[in-house]
Amino acid sequence: MLEVDFFLIRNVRAREVLDSRGNPTLEAEVLTEGGVVGRASVPAGASKGVHEAVELRDGGKRFHGLGVLKAVRNVNEIIAKELKGMDVREQGKIDRKLIELDGTPNKSRLGANAVLGVSLAVAKAAATSYGIPLYAYLGGIRARTLPVPLMNIINGGKHAGNELKIQEFMIIPIGFKTFKEALTAACEIYYELKSFLKERYGLNAINVGDEGGFAPPMKESREALEALVSSIESTGYKPGSEVALGIDAAASNFYEEKKDKYIIDGKELSSGELADYYMELISSYPIRSIEDPFHEEDFKSFASFTRNVRGKVQVVGDDIFVTNVERLKRGIELGAANALLLKVNQIGTLTEALEAAELAFRSGYKVIVSHRSGETEDDYISDIAVGLNTGQIKTGAPARGERTVKYNRLIRIEEELGGRALYPGKEAFSF
Ligand code: 2PG
Ligand code: MG
């Protein structure tokens with residue numbers, strides 16, 4: 001038996017490091033009396049929900065105002081003192097303490113970046129102290145489901161310098177028996193898409209956006225979906241039954257509040273017309289998942305759309321729910337979606353993110369663990385996806401190290417689980 005002291009926190013510290021956009025972000029470390037270090041870094045969004053927990057930034061000239069030295073100081077000078085002597089196995093108690101210390105509803109005093117970095121570092125320190133991987137710490141022996149990747153290989157919206165209004169065009173490899181086979185197919189399609197884009201749109205078309213997907217000079221959503229279907233086919237896979245499609249509209253970004261209209265593909269659409277627009281896309285392409293189809297306050301349009309596509313398409317709430325139990329509860333009451341995008345930094349502690357996931361599961365919602373467009377080389381979202389058996393993950397294209405670390409971690413987990421590993425494929429999308 002390990003001594004209790006082994007699990008006690010000896011120190012907590014943080015530093016400023018860089019994310020995949022070259023912006024500063026916070027990395028936290030939790031040291032235990034047993035000599036174990038848990039380390040975690042915090043990602044950052046570009047198309048953020050207005051209700052997300054607050055990422056504390058320094059302002060001023062340094063890093064164009066994006067520095068996180070205040071958040072780092074909050075860890076080193078405030079959080080560290082309070083957490084010393086606490087037990088890393090008491091995640092709930094530690095997260096409550098962090099929430100209390102912050103004292104605001106949106107973590108604006110200490111910063112959600114300070115709080116989350118520490119919260120995750122505590123979980124990693126606990127897992128390492130037990131000598132088990134993070135997914136096993138989170139999910140015990142039940143943790144064995146590898147997630148289906150929703151792989152964003154054409155970037156638009158705020159993640160790219162092109163005219164596509166829809167932010168993400170994803171391929172979803174569902175007709176495969178293992179994660180590795182699914183990932184292999186997705187990579188092959190990614191290469192094929194590269195050749196397709198080069199041929200059709202020229203060399204500039206193969207520049208990549210924030211999440212590693214291509215950012216071709218396309219003007220309309222249909223061009224992107226067409227390119228995906230054609231690449232799936234020319235790679236030798238069947239669109240729909242083997243590889244489905246998904247989109248993240250991130251519609252708050254093309255909504256004009258003054259006009260109450262969505263500006264997309266050169267048109268101004270009401271929410272009803274936008275719903276028809278999606279229905280037409282669904283009837284032309286094998287789309288199985290649509291994220292944030294309307295702006296983040298429009299629970300009503302979300303609900304009527306979810307009713308209309310019931311049983312056929314997954315409607316995912318990201319900016320509308322922001323991994324927040326209160327907003328998710330409201331969504332569930334209204335039937336606003338049937339899936340939750342889980343981003344730990346939208347809420348700020350691991351415990352609160354797990355509570356959101358549990359509520360989603362209890363309510364028959366799917367859960368998709370997600371990266372942010374600004375990522376680090378940390379790979380904990382892969383462990384969270386397996387630990388919670390969510391069956392789905394969104395972590396970008398198979399390019400750029402900060403995305404591939406997540407895929408590579410999943411390859412290792414699948415290998416480690418051996419015969420117990422389960423790849424749900426289509427089943428992850430059954431309602
Ligand atoms: C999203 C995410 C991740 P961001 O909208 O789902 O793909 O983007 O991190 O910019 O919010
Ligand atoms: Mg989104």
# chains A, B, ... in the order shown; residues from 1 in each chain; ligands from 1

call {"tool": "residues_near_ligand", "arguments": {"ligand": "ligand 2", "cutoff": "8 Å", "atoms": "only C-alpha atoms and all ligand atoms", "output": "list in words"}}
result
Ser47, Gln167, Asp248, Ala249, Ala250, Glu291, Asp292, Gly317, Asp318, Asp319 and Leu341 of chain A

call {"tool": "select_by_dssp", "arguments": {"residues": "range 168-390 of chain A", "states": "strand (DSSP E)", "output": "ChimeraX atom specification"}}
result
/A:168-173,243-248,255-256,261-264,267-269,287-291,314-317,339-342,366-370

call {"tool": "closest_residue", "arguments": {"among": "A:Val316, A:Leu120, A:Leu334, A:Leu26", "to": "ligand 1", "atoms": "only C-alpha atoms and all ligand atoms"}}
result
A:Val316

call {"tool": "atom_distance", "arguments": {"atom1": "CA of Thr235 in chain A", "atom2": "CA of Leu193 in chain A"}}
result
9.1 Å

call {"tool": "residues_near_ligand", "arguments": {"ligand": "ligand 1", "cutoff": "8 Å", "atoms": "only C-alpha atoms and all ligand atoms", "output": "PyMOL selection string"}}
result
chain A and resi 43-49+152+158-159+167-168+211+248+250+291+318-319+341+370-374+394-396

call {"tool": "write_last_selection", "arguments": {"atoms": "C-alpha atoms", "output": "PDB file, in the first residue's frame"}}
result
ATOM      1  CA  PRO A  43      -5.716  25.393 -25.228  1.00  0.00           C
ATOM      2  CA  ALA A  44      -7.445  28.475 -26.661  1.00  0.00           C
ATOM      3  CA  GLY A  45     -10.354  29.003 -29.030  1.00  0.00           C
ATOM      4  CA  ALA A  46     -10.720  31.509 -31.875  1.00  0.00           C
ATOM      5  CA  SER A  47     -14.457  31.160 -32.355  1.00  0.00           C
ATOM      6  CA  LYS A  48     -15.326  31.327 -28.700  1.00  0.00           C
ATOM      7  CA  GLY A  49     -18.785  31.178 -27.165  1.00  0.00           C
ATOM      8  CA  ASN A 152     -11.815  18.614 -39.932  1.00  0.00           C
ATOM      9  CA  LYS A 158     -12.456  32.125 -38.303  1.00  0.00           C
ATOM     10  CA  HIS A 159      -9.891  29.355 -38.773  1.00  0.00           C
ATOM     11  CA  GLN A 167     -15.915  26.779 -40.100  1.00  0.00           C
ATOM     12  CA  GLU A 168     -15.280  23.039 -40.365  1.00  0.00           C
ATOM     13  CA  GLU A 211      -6.559  22.929 -37.385  1.00  0.00           C
ATOM     14  CA  ASP A 248     -19.337  22.789 -37.647  1.00  0.00           C
ATOM     15  CA  ALA A 250     -20.075  27.939 -35.828  1.00  0.00           C
ATOM     16  CA  GLU A 291     -22.523  21.549 -34.919  1.00  0.00           C
ATOM     17  CA  ASP A 318     -20.759  23.922 -28.731  1.00  0.00           C
ATOM     18  CA  ASP A 319     -21.019  27.714 -28.359  1.00  0.00           C
ATOM     19  CA  LEU A 341     -19.268  19.216 -27.534  1.00  0.00           C
ATOM     20  CA  SER A 370     -12.953  18.412 -28.502  1.00  0.00           C
ATOM     21  CA  HIS A 371      -9.677  20.233 -28.983  1.00  0.00           C
ATOM     22  CA  ARG A 372      -9.519  24.012 -29.542  1.00  0.00           C
ATOM     23  CA  SER A 373      -8.243  25.730 -32.658  1.00  0.00           C
ATOM     24  CA  GLY A 374      -5.269  26.948 -30.601  1.00  0.00           C
ATOM     25  CA  LYS A 394     -12.882  16.181 -32.662  1.00  0.00           C
ATOM     26  CA  THR A 395      -9.206  16.979 -32.981  1.00  0.00           C
ATOM     27  CA  GLY A 396      -8.503  18.358 -36.429  1.00  0.00           C
TER      28      GLY A 396
END

call {"tool": "residues_around", "arguments": {"residues": "range 170-179 of chain A", "least_positions_apart": "5", "cutoff": "8 Å", "atoms": "only C-alpha atoms", "output": "number ranges by chain"}}
result
A: 146-154, 185-186, 228, 241-247, 410-411, 414, 422-426

call {"tool": "residues_around", "arguments": {"residues": "range 353-363 of chain A", "least_positions_apart": "4", "cutoff": "7 Å", "atoms": "only C-alpha atoms", "output": "number ranges by chain"}}
result
A: 323-325, 340, 344, 347, 349, 367

call {"tool": "write_last_selection", "arguments": {"atoms": "N, CA, C and O atoms", "output": "PDB file, in the first residue's frame"}}
result
ATOM      1  N   THR A 323     -20.108  23.758 -22.547  1.00  0.00           N
ATOM      2  CA  THR A 323     -19.769  22.759 -21.518  1.00  0.00           C
ATOM      3  C   THR A 323     -20.251  23.193 -20.127  1.00  0.00           C
ATOM      4  O   THR A 323     -19.632  22.891 -19.106  1.00  0.00           O
ATOM      5  N   ASN A 324     -21.367  23.917 -20.109  1.00  0.00           N
ATOM      6  CA  ASN A 324     -21.872  24.488 -18.866  1.00  0.00           C
ATOM      7  C   ASN A 324     -23.182  23.787 -18.513  1.00  0.00           C
ATOM      8  O   ASN A 324     -24.130  23.775 -19.306  1.00  0.00           O
ATOM      9  N   VAL A 325     -23.221  23.195 -17.320  1.00  0.00           N
ATOM     10  CA  VAL A 325     -24.383  22.383 -16.923  1.00  0.00           C
ATOM     11  C   VAL A 325     -25.674  23.191 -17.002  1.00  0.00           C
ATOM     12  O   VAL A 325     -26.710  22.680 -17.446  1.00  0.00           O
ATOM     13  N   LEU A 340     -23.438  16.961 -27.123  1.00  0.00           N
ATOM     14  CA  LEU A 340     -22.688  18.028 -26.441  1.00  0.00           C
ATOM     15  C   LEU A 340     -21.235  17.987 -26.892  1.00  0.00           C
ATOM     16  O   LEU A 340     -20.616  16.921 -26.890  1.00  0.00           O
ATOM     17  N   VAL A 344     -12.942  21.182 -22.128  1.00  0.00           N
ATOM     18  CA  VAL A 344     -12.680  21.440 -20.708  1.00  0.00           C
ATOM     19  C   VAL A 344     -12.389  22.906 -20.411  1.00  0.00           C
ATOM     20  O   VAL A 344     -12.735  23.417 -19.354  1.00  0.00           O
ATOM     21  N   ILE A 347     -15.225  25.562 -19.434  1.00  0.00           N
ATOM     22  CA  ILE A 347     -15.823  25.632 -18.111  1.00  0.00           C
ATOM     23  C   ILE A 347     -14.773  25.800 -17.012  1.00  0.00           C
ATOM     24  O   ILE A 347     -15.020  26.450 -16.009  1.00  0.00           O
ATOM     25  N   THR A 349     -12.876  23.540 -14.952  1.00  0.00           N
ATOM     26  CA  THR A 349     -12.353  22.471 -14.089  1.00  0.00           C
ATOM     27  C   THR A 349     -12.756  21.119 -14.683  1.00  0.00           C
ATOM     28  O   THR A 349     -13.785  21.016 -15.362  1.00  0.00           O
ATOM     29  N   VAL A 367     -21.741  12.659 -26.612  1.00  0.00           N
ATOM     30  CA  VAL A 367     -20.698  13.585 -26.155  1.00  0.00           C
ATOM     31  C   VAL A 367     -19.495  13.447 -27.093  1.00  0.00           C
ATOM     32  O   VAL A 367     -19.060  12.333 -27.402  1.00  0.00           O
TER      33      VAL A 367
END

call {"tool": "closest_residue", "arguments": {"among": "A:Leu138, A:Ala126, A:Ala40, A:Cys187", "to": "Asp379 in chain A", "atoms": "only C-alpha atoms"}}
result
A:Ala40

call {"tool": "select_by_dssp", "arguments": {"residues": "range 127-209 of chain A", "states": "alpha helix (DSSP H)", "output": "VMD selection string"}}
result
chain A and resid 127 to 130 134 to 139 179 to 201
